[in-house]
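Chemist: Input run.txt, format and content: compact mmCIF, C-alpha atoms and all ligand atoms.
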```txt
# COMPACT_ATOMS: atom_id res chain seq x y z
CA MET A 1 90.00 62.47 -187.10
CA SER A 2 90.65 66.08 -186.08
CA ALA A 3 89.40 69.09 -188.02
CA THR A 4 92.90 69.87 -189.16
CA GLY A 5 92.93 66.34 -190.58
CA VAL A 6 89.94 67.48 -192.74
CA ALA A 7 87.46 64.83 -191.68
CA ALA A 8 85.34 66.97 -189.37
CA GLN A 9 81.65 66.33 -190.03
CA PHE A 10 78.59 68.23 -188.94
CA THR A 11 75.82 66.63 -187.10
CA GLU A 12 72.37 67.89 -188.08
CA ALA A 13 72.10 69.59 -184.70
CA GLU A 14 75.45 71.38 -185.03
CA LEU A 15 74.55 72.70 -188.45
CA LYS A 16 71.20 73.99 -187.15
CA LEU A 17 72.95 75.67 -184.24
CA LEU A 18 75.42 77.46 -186.53
CA GLN A 19 72.70 78.37 -189.05
CA ALA A 20 70.64 79.93 -186.26
CA LEU A 21 73.64 81.84 -184.94
CA VAL A 22 74.45 83.33 -188.36
CA TYR A 23 70.77 84.27 -188.86
CA GLN A 24 70.60 85.90 -185.45
CA GLU A 25 73.82 87.85 -186.02
CA CYS A 26 73.31 89.20 -189.56
CA GLY A 27 69.97 88.03 -190.98
CA MET A 28 71.52 85.80 -193.65
CA HIS A 29 69.43 82.72 -194.17
CA PHE A 30 71.00 79.53 -195.45
CA ASP A 31 68.22 77.32 -196.72
CA GLU A 32 68.79 73.86 -198.22
CA ARG A 33 70.02 75.33 -201.53
CA ARG A 34 72.77 77.30 -199.79
CA ALA A 35 73.55 74.93 -196.91
CA HIS A 36 76.56 73.42 -198.69
CA PHE A 37 78.08 76.90 -199.08
CA LEU A 38 77.66 77.49 -195.35
CA GLN A 39 79.22 74.10 -194.57
CA ASP A 40 82.16 74.75 -196.85
CA ARG A 41 82.90 78.15 -195.27
CA LEU A 42 82.49 76.75 -191.74
CA LEU A 43 84.95 73.98 -192.54
CA ARG A 44 87.52 76.50 -193.72
CA ARG A 45 87.18 78.58 -190.56
CA LEU A 46 87.33 75.49 -188.36
CA LYS A 47 90.63 74.49 -189.97
CA GLU A 48 91.98 78.01 -189.70
CA CYS A 49 91.17 78.03 -185.97
CA GLN A 50 92.66 74.54 -185.58
CA LEU A 51 89.62 73.25 -183.77
CA ASP A 52 88.47 69.65 -183.64
CA SER A 53 84.71 69.90 -183.68
CA PHE A 54 81.96 72.20 -184.85
CA TYR A 55 80.56 72.31 -181.38
CA SER A 56 83.83 73.77 -180.04
CA TYR A 57 83.80 76.25 -182.94
CA TYR A 58 80.26 77.23 -181.98
CA ARG A 59 81.36 77.68 -178.35
CA LEU A 60 84.15 79.96 -179.54
CA LEU A 61 81.75 82.05 -181.64
CA ILE A 62 79.40 82.72 -178.75
CA SER A 63 82.18 83.54 -176.26
CA ASP A 64 83.56 87.04 -175.60
CA ALA A 65 86.92 85.93 -176.96
CA GLY A 66 85.25 84.82 -180.20
CA LYS A 67 83.94 88.22 -181.37
CA GLN A 68 86.71 88.64 -183.93
CA GLU A 69 86.22 85.14 -185.25
CA LEU A 70 82.48 85.76 -185.58
CA ALA A 71 83.19 88.87 -187.67
CA ARG A 72 85.61 86.84 -189.81
CA LEU A 73 83.05 84.08 -190.33
CA LEU A 74 80.38 86.59 -191.41
CA GLU A 75 82.86 88.12 -193.87
CA ASN A 76 83.43 84.67 -195.32
CA LEU A 77 79.70 84.13 -195.78
CA THR A 78 78.87 87.33 -197.64
CA VAL A 79 78.56 87.54 -201.41
CA ASN A 80 80.26 90.78 -202.47
CA GLU A 81 79.52 90.86 -206.19
CA THR A 82 78.96 94.42 -207.40
CA SER A 83 79.77 96.79 -210.26
CA PHE A 84 79.67 100.43 -211.31
CA PHE A 85 76.39 101.53 -212.94
CA ARG A 86 74.68 98.26 -212.05
CA ASN A 87 71.08 98.06 -213.31
CA LYS A 88 71.16 100.98 -215.74
CA ALA A 89 67.37 101.27 -216.13
CA GLN A 90 66.95 101.75 -212.40
CA LEU A 91 69.78 104.29 -212.24
CA ASP A 92 68.13 106.24 -215.09
CA LEU A 93 64.95 106.40 -213.03
CA PHE A 94 67.00 107.67 -210.07
CA HIS A 95 68.99 110.18 -212.08
CA LYS A 96 66.47 111.57 -214.53
CA TYR A 97 63.27 111.62 -212.51
CA ILE A 98 63.63 110.97 -208.81
CA LEU A 99 66.72 113.09 -208.15
CA ASP A 100 65.32 115.95 -210.19
CA ASP A 101 62.00 115.81 -208.34
CA LEU A 102 63.80 115.66 -204.99
CA LEU A 103 66.08 118.63 -205.76
CA HIS A 104 63.08 120.65 -206.84
CA ARG A 105 61.01 119.85 -203.74
CA LYS A 106 63.94 120.51 -201.44
CA GLN A 107 64.85 123.81 -203.05
CA GLU A 108 61.27 125.01 -202.64
CA ARG A 109 61.60 124.35 -198.91
CA ARG A 110 65.08 125.94 -198.91
CA ASP A 111 66.48 122.67 -197.64
CA PHE A 112 69.78 122.15 -199.46
CA SER A 113 70.84 118.89 -197.87
CA LEU A 114 70.76 115.53 -199.59
CA ARG A 115 71.43 112.30 -197.76
CA ILE A 116 71.77 108.99 -199.58
CA TRP A 117 72.58 105.63 -198.03
CA SER A 118 74.09 102.68 -199.89
CA ALA A 119 73.25 99.87 -197.45
CA GLY A 120 75.29 96.75 -198.19
CA CYS A 121 77.71 98.72 -200.36
CA SER A 122 80.33 96.01 -200.89
CA THR A 123 83.53 97.50 -202.41
CA GLY A 124 81.98 100.92 -203.04
CA GLN A 125 81.07 100.93 -206.74
CA GLU A 126 77.38 101.58 -205.97
CA ALA A 127 78.10 104.54 -203.68
CA TYR A 128 80.57 106.12 -206.13
CA THR A 129 78.14 105.59 -209.01
CA LEU A 130 75.51 107.49 -207.00
CA ALA A 131 78.04 110.23 -206.22
CA MET A 132 78.80 110.66 -209.95
CA LEU A 133 75.11 110.73 -210.84
CA VAL A 134 74.33 113.27 -208.11
CA ALA A 135 77.19 115.49 -209.29
CA ASP A 136 75.77 115.33 -212.83
CA GLY A 137 72.20 115.79 -211.61
CA LEU A 138 73.09 118.93 -209.65
CA ALA A 139 75.09 120.42 -212.54
CA TYR A 140 72.22 119.82 -214.97
CA TYR A 141 69.69 121.14 -212.48
CA TYR A 142 71.62 124.44 -212.28
CA LEU A 143 71.95 124.69 -216.03
CA ARG A 144 68.16 124.96 -216.12
CA ASN A 145 67.71 126.83 -212.83
CA PRO A 146 70.72 129.17 -212.56
CA LEU A 147 71.91 130.18 -209.12
CA PRO A 148 71.46 133.82 -208.05
CA PHE A 149 75.24 134.11 -207.52
CA GLU A 150 78.38 133.24 -209.44
CA MET A 151 79.59 129.65 -209.35
CA PRO A 152 83.07 129.35 -207.77
CA SER A 153 85.88 128.40 -210.14
CA PRO A 154 86.90 125.62 -210.64
CA LYS A 155 83.34 124.32 -210.42
CA PRO A 156 82.97 122.18 -207.30
CA VAL A 157 81.54 118.65 -207.63
CA VAL A 158 78.68 119.73 -205.36
CA PRO A 159 77.68 123.35 -205.99
CA PRO A 160 76.91 125.51 -202.95
CA PRO A 161 74.63 125.81 -201.03
CA TRP A 162 74.02 122.07 -201.43
CA LYS A 163 75.44 119.64 -198.92
CA VAL A 164 75.51 116.03 -200.09
CA GLU A 165 76.30 113.07 -197.86
CA ILE A 166 76.51 109.54 -199.18
CA LEU A 167 76.83 106.90 -196.51
CA ALA A 168 78.20 103.54 -197.71
CA SER A 169 77.88 100.77 -195.14
CA ASP A 170 78.52 97.05 -194.97
CA ILE A 171 79.00 94.22 -192.52
CA SER A 172 82.36 93.23 -193.99
CA TYR A 173 85.46 95.19 -192.97
CA SER A 174 87.50 94.02 -195.94
CA VAL A 175 85.04 95.40 -198.53
CA LEU A 176 84.76 98.64 -196.56
CA ARG A 177 88.55 99.02 -196.70
CA ALA A 178 88.50 98.50 -200.48
CA GLY A 179 85.69 101.04 -200.89
CA GLN A 180 87.50 103.56 -198.75
CA GLU A 181 90.62 103.07 -200.84
CA GLY A 182 88.57 103.62 -204.03
CA ILE A 183 91.01 102.13 -206.53
CA TYR A 184 89.65 99.87 -209.26
CA THR A 185 91.06 97.60 -211.97
CA GLU A 186 90.35 97.95 -215.69
CA SER A 187 87.89 95.05 -215.56
CA GLN A 188 86.02 96.60 -212.61
CA MET A 189 85.78 99.80 -214.69
CA ALA A 190 84.01 98.05 -217.58
CA ASN A 191 80.73 99.99 -217.17
CA VAL A 192 82.35 103.39 -216.60
CA ASP A 193 82.35 105.41 -219.82
CA TYR A 194 85.21 107.67 -220.80
CA SER A 195 83.56 110.95 -219.76
CA TYR A 196 83.13 109.69 -216.19
CA ARG A 197 86.68 108.29 -216.19
CA LEU A 198 88.04 111.69 -217.25
CA ARG A 199 86.10 113.67 -214.68
CA PHE A 200 86.13 111.48 -211.62
CA PHE A 201 89.18 109.17 -211.78
CA ASP A 202 92.97 109.46 -211.77
CA LYS A 203 95.05 106.78 -213.46
CA VAL A 204 97.39 105.12 -210.96
CA GLY A 205 99.55 102.62 -212.80
CA GLU A 206 97.17 100.14 -214.39
CA ARG A 207 94.30 101.08 -212.09
CA TYR A 208 91.83 103.93 -211.60
CA ALA A 209 91.55 105.92 -208.36
CA ILE A 210 88.46 107.93 -207.42
CA LYS A 211 89.37 111.63 -207.35
CA LYS A 212 89.51 113.27 -203.94
CA ALA A 213 86.79 115.78 -204.85
CA LEU A 214 84.27 112.95 -205.37
CA LYS A 215 85.54 110.81 -202.51
CA GLU A 216 84.97 113.66 -200.09
CA PHE A 217 81.27 113.19 -199.90
CA VAL A 218 81.19 109.39 -199.69
CA HIS A 219 81.65 108.09 -196.17
CA PHE A 220 82.24 104.37 -195.44
CA ASP A 221 81.16 102.83 -192.16
CA PHE A 222 80.45 99.44 -190.60
CA HIS A 223 76.76 98.78 -190.14
CA ASN A 224 74.87 95.55 -189.59
CA LEU A 225 71.36 95.73 -191.09
CA LYS A 226 70.18 93.20 -188.53
CA THR A 227 70.48 95.74 -185.69
CA GLU A 228 67.59 97.93 -184.57
CA TYR A 229 69.51 101.16 -184.97
CA LEU A 230 69.63 102.42 -188.55
CA PRO A 231 71.17 105.69 -189.78
CA GLN A 232 68.34 108.23 -189.78
CA ARG A 233 67.01 111.06 -192.02
CA ASN A 234 67.80 109.56 -195.40
CA ASP A 235 66.28 110.98 -198.56
CA ILE A 236 67.16 107.88 -200.55
CA ILE A 237 68.24 104.37 -199.63
CA PHE A 238 69.84 101.92 -202.03
CA CYS A 239 69.80 98.41 -200.58
CA ARG A 240 70.30 96.25 -203.64
CA ASN A 241 71.12 92.56 -203.76
CA VAL A 242 71.27 92.25 -199.98
CA MET A 243 67.71 91.31 -198.93
CA MET A 244 67.81 88.33 -201.29
CA TYR A 245 70.02 86.56 -198.71
CA PHE A 246 67.47 87.14 -195.92
CA ASP A 247 64.29 85.14 -195.29
CA GLU A 248 60.85 86.75 -195.57
CA ALA A 249 60.53 87.56 -191.87
CA GLU A 250 63.88 89.36 -191.87
CA GLN A 251 63.05 91.17 -195.12
CA LYS A 252 59.80 92.43 -193.57
CA ARG A 253 61.63 93.68 -190.49
CA LEU A 254 64.25 95.44 -192.60
CA VAL A 255 61.72 97.17 -194.87
CA GLU A 256 59.80 98.35 -191.80
CA LYS A 257 63.04 99.81 -190.38
CA PHE A 258 63.82 101.47 -193.74
CA SER A 259 60.40 103.16 -193.73
CA ARG A 260 61.26 104.67 -190.35
CA CYS A 261 64.67 106.01 -191.31
CA LEU A 262 63.59 107.63 -194.59
CA ASN A 263 62.46 111.24 -194.77
CA ALA A 264 58.87 111.91 -195.87
CA GLU A 265 58.34 110.81 -199.48
CA GLY A 266 61.82 109.30 -199.53
CA TYR A 267 62.76 106.50 -201.93
CA LEU A 268 64.02 102.95 -201.50
CA PHE A 269 65.80 101.07 -204.31
CA VAL A 270 66.14 97.28 -204.11
CA GLY A 271 67.87 94.83 -206.47
CA HIS A 272 66.62 93.62 -209.82
CA ALA A 273 65.70 90.21 -208.39
CA GLU A 274 64.12 91.68 -205.23
CA SER A 275 60.69 93.16 -204.61
CA LEU A 276 58.64 94.64 -201.77
CA LEU A 277 55.52 92.84 -203.01
CA GLY A 278 53.75 91.23 -200.07
CA LEU A 279 56.28 92.62 -197.57
CA THR A 280 54.81 96.02 -196.70
CA ASP A 281 52.10 98.60 -197.26
CA LYS A 282 54.43 101.46 -196.32
CA PHE A 283 55.78 101.92 -199.85
CA ALA A 284 54.29 102.53 -203.28
CA MET A 285 56.00 101.27 -206.42
CA VAL A 286 57.34 103.80 -208.94
CA HIS A 287 58.03 102.31 -212.36
CA ARG A 288 59.40 104.04 -215.44
CA ASN A 289 61.11 102.68 -218.56
CA SER A 290 61.96 99.32 -216.91
CA GLY A 291 63.36 101.00 -213.79
CA THR A 292 61.69 100.40 -210.42
CA ALA A 293 61.89 102.16 -207.05
CA TYR A 294 59.64 102.43 -203.99
CA GLN A 295 58.42 105.67 -202.43
CA ARG A 296 57.45 105.94 -198.78
CA VAL A 297 53.68 106.35 -198.44
CA GLU A 298 52.67 109.21 -196.13
CA VAL A 299 49.70 108.46 -193.90
CA GLN A 300 47.06 111.25 -194.10
CA MET A 301 45.91 112.35 -190.64
C1 LIG A 401 75.90 91.27 -203.43
S1 LIG A 401 76.56 92.60 -202.50
C2 LIG A 401 75.63 93.95 -203.15
C3 LIG A 401 76.45 95.20 -203.37
C4 LIG A 401 75.70 96.38 -203.99
N1 LIG A 401 74.62 96.79 -203.16
C5 LIG A 401 75.20 96.03 -205.36
O1 LIG A 401 74.02 95.77 -205.56
O2 LIG A 401 76.02 95.99 -206.30
C6 LIG A 401 75.79 92.32 -200.90
C7 LIG A 401 76.49 93.04 -199.75
O3 LIG A 401 75.64 93.03 -198.60
C8 LIG A 401 76.43 92.89 -197.45
N2 LIG A 401 75.63 92.38 -196.32
C9 LIG A 401 75.13 91.13 -196.14
N3 LIG A 401 74.48 91.04 -194.96
C10 LIG A 401 74.57 92.27 -194.39
C11 LIG A 401 74.08 92.82 -193.16
N4 LIG A 401 73.41 92.08 -192.27
N5 LIG A 401 74.36 94.10 -192.89
C12 LIG A 401 75.06 94.86 -193.78
N6 LIG A 401 75.54 94.41 -194.94
C13 LIG A 401 75.31 93.12 -195.25
C14 LIG A 401 77.54 91.94 -197.90
O4 LIG A 401 78.69 92.03 -197.08
C15 LIG A 401 77.80 92.37 -199.35
O5 LIG A 401 78.88 93.26 -199.45
```
Represent the structure contained in this file as structure tokens.
Modeler:
Amino acid sequence: MSATGVAAQFTEAELKLLQALVYQECGMHFDERRAHFLQDRLLRRLKECQLDSFYSYYRLLISDAGKQELARLLENLTVNETSFFRNKAQLDLFHKYILDDLLHRKQERRDFSLRIWSAGCSTGQEAYTLAMLVADGLAYYYLRNPLPFEMPSPKPVVPPPWKVEILASDISYSVLRAGQEGIYTESQMANVDYSYRLRFFDKVGERYAIKKALKEFVHFDFHNLKTEYLPQRNDIIFCRNVMMYFDEAEQKRLVEKFSRCLNAEGYLFVGHAESLLGLTDKFAMVHRNSGTAYQRVEVQM
């Protein structure tokens, strides 16, 4: 029976071929536990493309004409679960200790730029959470270390002379569009307390829109973590709940690339269920009050 008649079946070889293609394209590894998810999503795409066999679908994916379909398949395979203020203990470590230390070190060097990357940002809640925390962190920093000139009025989200860039990247165009739009439902706002809602959101009907002043320093872009080129000169990278879908070899490669695109003594944050243990000697663990991060180790010459 044809694929559109629903009875298309994989042979072992076809499944292996498609698994290898997905791994090669984006690093996602579908082991036995997740193979049925891969099969289910492949079946859906096969029907959508009105193709009769998985081998013809594979041929489409590797052809020049199949580039769009490949992107669509990868979108269908990603898990996009996310939330504002996810992993509070880790964000406290970022906000109260690491950011403060970083601002201090940078100011001493008269370097007023801060570059943070949310790699695998999904629909943007992680990047906007970081933006809110940085805005707070800078305001509190200047309460204790006043500037030698008057603060403009109304107070900007990022006080001069600081320049903050938050890059939010993902492999899925649909989540990037949602992040760029920056409008969230009441249930997506569950972890956002009222003071943040008042300062950084506008109410649009039943939903909440990120204010322009905060949005201005979050930039969304497509980026595949599998590629060799990674955005450079980051002070901090958040790559949470992404590596867990990669196998160990791919995780090692990614962490190695992260160490190269972080500034000296920069920090990497990974998800609650992820760890760099056994993957690298280029990072040292920083642990405080149940929050964990990794700092790049500088080699002494
Ligand atoms: C579970 S979400 C995590 C979102 C956010 N970092 C968090 O912790 O709440 C994982 C995201 O990683 C993205 N992703 C998966 N493979 C990727 C790759 N090779 N390159 C870039 N992003 C990828 C997915 O599209 C998805 O949006």
Chemist: Which residues, written as a list in words, have at least one atom at most 12 Å from Arg59 in chain A, with all atoms listed in the file counted and residues fewer than 3 positions away on the same chain left out?
Modeler: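 The residues that qualify are Glu14, Leu17, Leu18, Leu21, Leu46, Leu51, Asp52, Ser53, Phe54, Tyr55, Ser56, Ile62, Ser63, Asp64, Ala65, Gly66, Lys67, Glu69 and Leu70 of chain A.
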Chemist: Could you name the residues that touch Gln232 in chain A at 8 Å or less, counting all atoms listed in the file, but leaving out those on the same chain fewer than 3 positions away, as a ChimeraX atom specification?
Modeler: /A:260-262
Chemist: Under the rule that only C-alpha atoms and all ligand atoms are counted, which of A:Asn145, A:Asn224, A:Thr129, A:Asn191 is the nearest residue to ligand LIG 401 (chain A)?
Modeler: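 Smallest separation from ligand LIG 401 (chain A) among the options: A:Asn224.
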Chemist: Dump as a Markdown table the rows for residues of chain A within 8 Å of ligand LIG 401 (chain A): closest atom pair and distance in Å with one decimal, all atoms listed in the file counted, ordered by chain and rising residue number.
Modeler:
```
| residue | atom | partner | partner_atom | distance |
| --- | --- | --- | --- | --- |
| A:Glu25 | CA | A:LIG401 | N4 | 7.6 |
| A:Cys26 | CA | A:LIG401 | N4 | 4.0 |
| A:Gly27 | CA | A:LIG401 | N4 | 5.5 |
| A:Met28 | CA | A:LIG401 | N3 | 6.2 |
| A:Glu75 | CA | A:LIG401 | O4 | 6.6 |
| A:Thr78 | CA | A:LIG401 | O4 | 4.7 |
| A:Val79 | CA | A:LIG401 | C1 | 5.0 |
| A:Asn80 | CA | A:LIG401 | S1 | 4.1 |
| A:Glu81 | CA | A:LIG401 | C1 | 4.6 |
| A:Thr82 | CA | A:LIG401 | O2 | 3.5 |
| A:Ser83 | CA | A:LIG401 | O2 | 5.5 |
| A:Phe84 | CA | A:LIG401 | O2 | 7.6 |
| A:Arg86 | CA | A:LIG401 | O2 | 6.3 |
| A:Ser118 | CA | A:LIG401 | N1 | 6.8 |
| A:Ala119 | CA | A:LIG401 | N6 | 6.4 |
| A:Gly120 | CA | A:LIG401 | O3 | 3.8 |
| A:Cys121 | CA | A:LIG401 | N1 | 4.6 |
| A:Ser122 | CA | A:LIG401 | O5 | 3.4 |
| A:Thr123 | CA | A:LIG401 | O5 | 7.0 |
| A:Gly124 | CA | A:LIG401 | C4 | 7.8 |
| A:Gln125 | CA | A:LIG401 | O2 | 7.1 |
| A:Glu126 | CA | A:LIG401 | O2 | 5.8 |
| A:Ser169 | CA | A:LIG401 | C12 | 6.7 |
| A:Asp170 | CA | A:LIG401 | N6 | 4.0 |
| A:Ile171 | CA | A:LIG401 | C12 | 4.2 |
| A:Ser172 | CA | A:LIG401 | O4 | 4.9 |
| A:Val175 | CA | A:LIG401 | O5 | 6.6 |
| A:Phe222 | CA | A:LIG401 | C12 | 7.8 |
| A:His223 | CA | A:LIG401 | C12 | 5.6 |
| A:Asn224 | CA | A:LIG401 | N5 | 3.6 |
| A:Leu225 | CA | A:LIG401 | N5 | 3.9 |
| A:Lys226 | CA | A:LIG401 | N4 | 5.1 |
| A:Phe238 | CA | A:LIG401 | N1 | 7.1 |
| A:Cys239 | CA | A:LIG401 | N1 | 5.7 |
| A:Arg240 | CA | A:LIG401 | O1 | 4.2 |
| A:Asn241 | CA | A:LIG401 | O1 | 4.7 |
| A:Val242 | CA | A:LIG401 | C6 | 4.6 |
| A:Met243 | CA | A:LIG401 | N3 | 7.9 |
| A:Tyr245 | CA | A:LIG401 | C9 | 7.3 |
| A:Gly271 | CA | A:LIG401 | O1 | 6.3 |
```
Chemist: So how many Å separate CA of Glu48 in chain A and CA of Asp31 in chain A, to one decimal?
Modeler: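 Going from CA of Glu48 in chain A over to CA of Asp31 in chain A covers 24.8 Å.
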Chemist: Would you mind listing what lies within 9 Å of Asn289 in chain A as a PyMOL selection string, with all atoms listed in the file counted and same-chain residues fewer than 5 positions away left out?
Modeler: chain A and resi 89-90+92-93
Chemist: Calculated over only C-alpha atoms, which of the candidates A:Phe269, A:Phe37, A:Phe149, A:Phe85 has the smallest distance to Leu133 in chain A?
Modeler: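 For Leu133 in chain A, the nearest of the given residues is A:Phe85.
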Chemist: Taking only C-alpha atoms into account, name the residue in A:Leu167, A:Leu176, A:Tyr194, A:Arg199 that is nearest to Lys155 in chain A.
Modeler: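 Closest to Lys155 in chain A of all the choices is A:Arg199.
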Chemist: Excluding same-chain residues fewer than 5 positions from Lys203 in chain A, what lies within 12 Å of it counting all atoms listed in the file, as a ChimeraX atom specification?
Modeler: /A:182-186,189,197-198,208-211
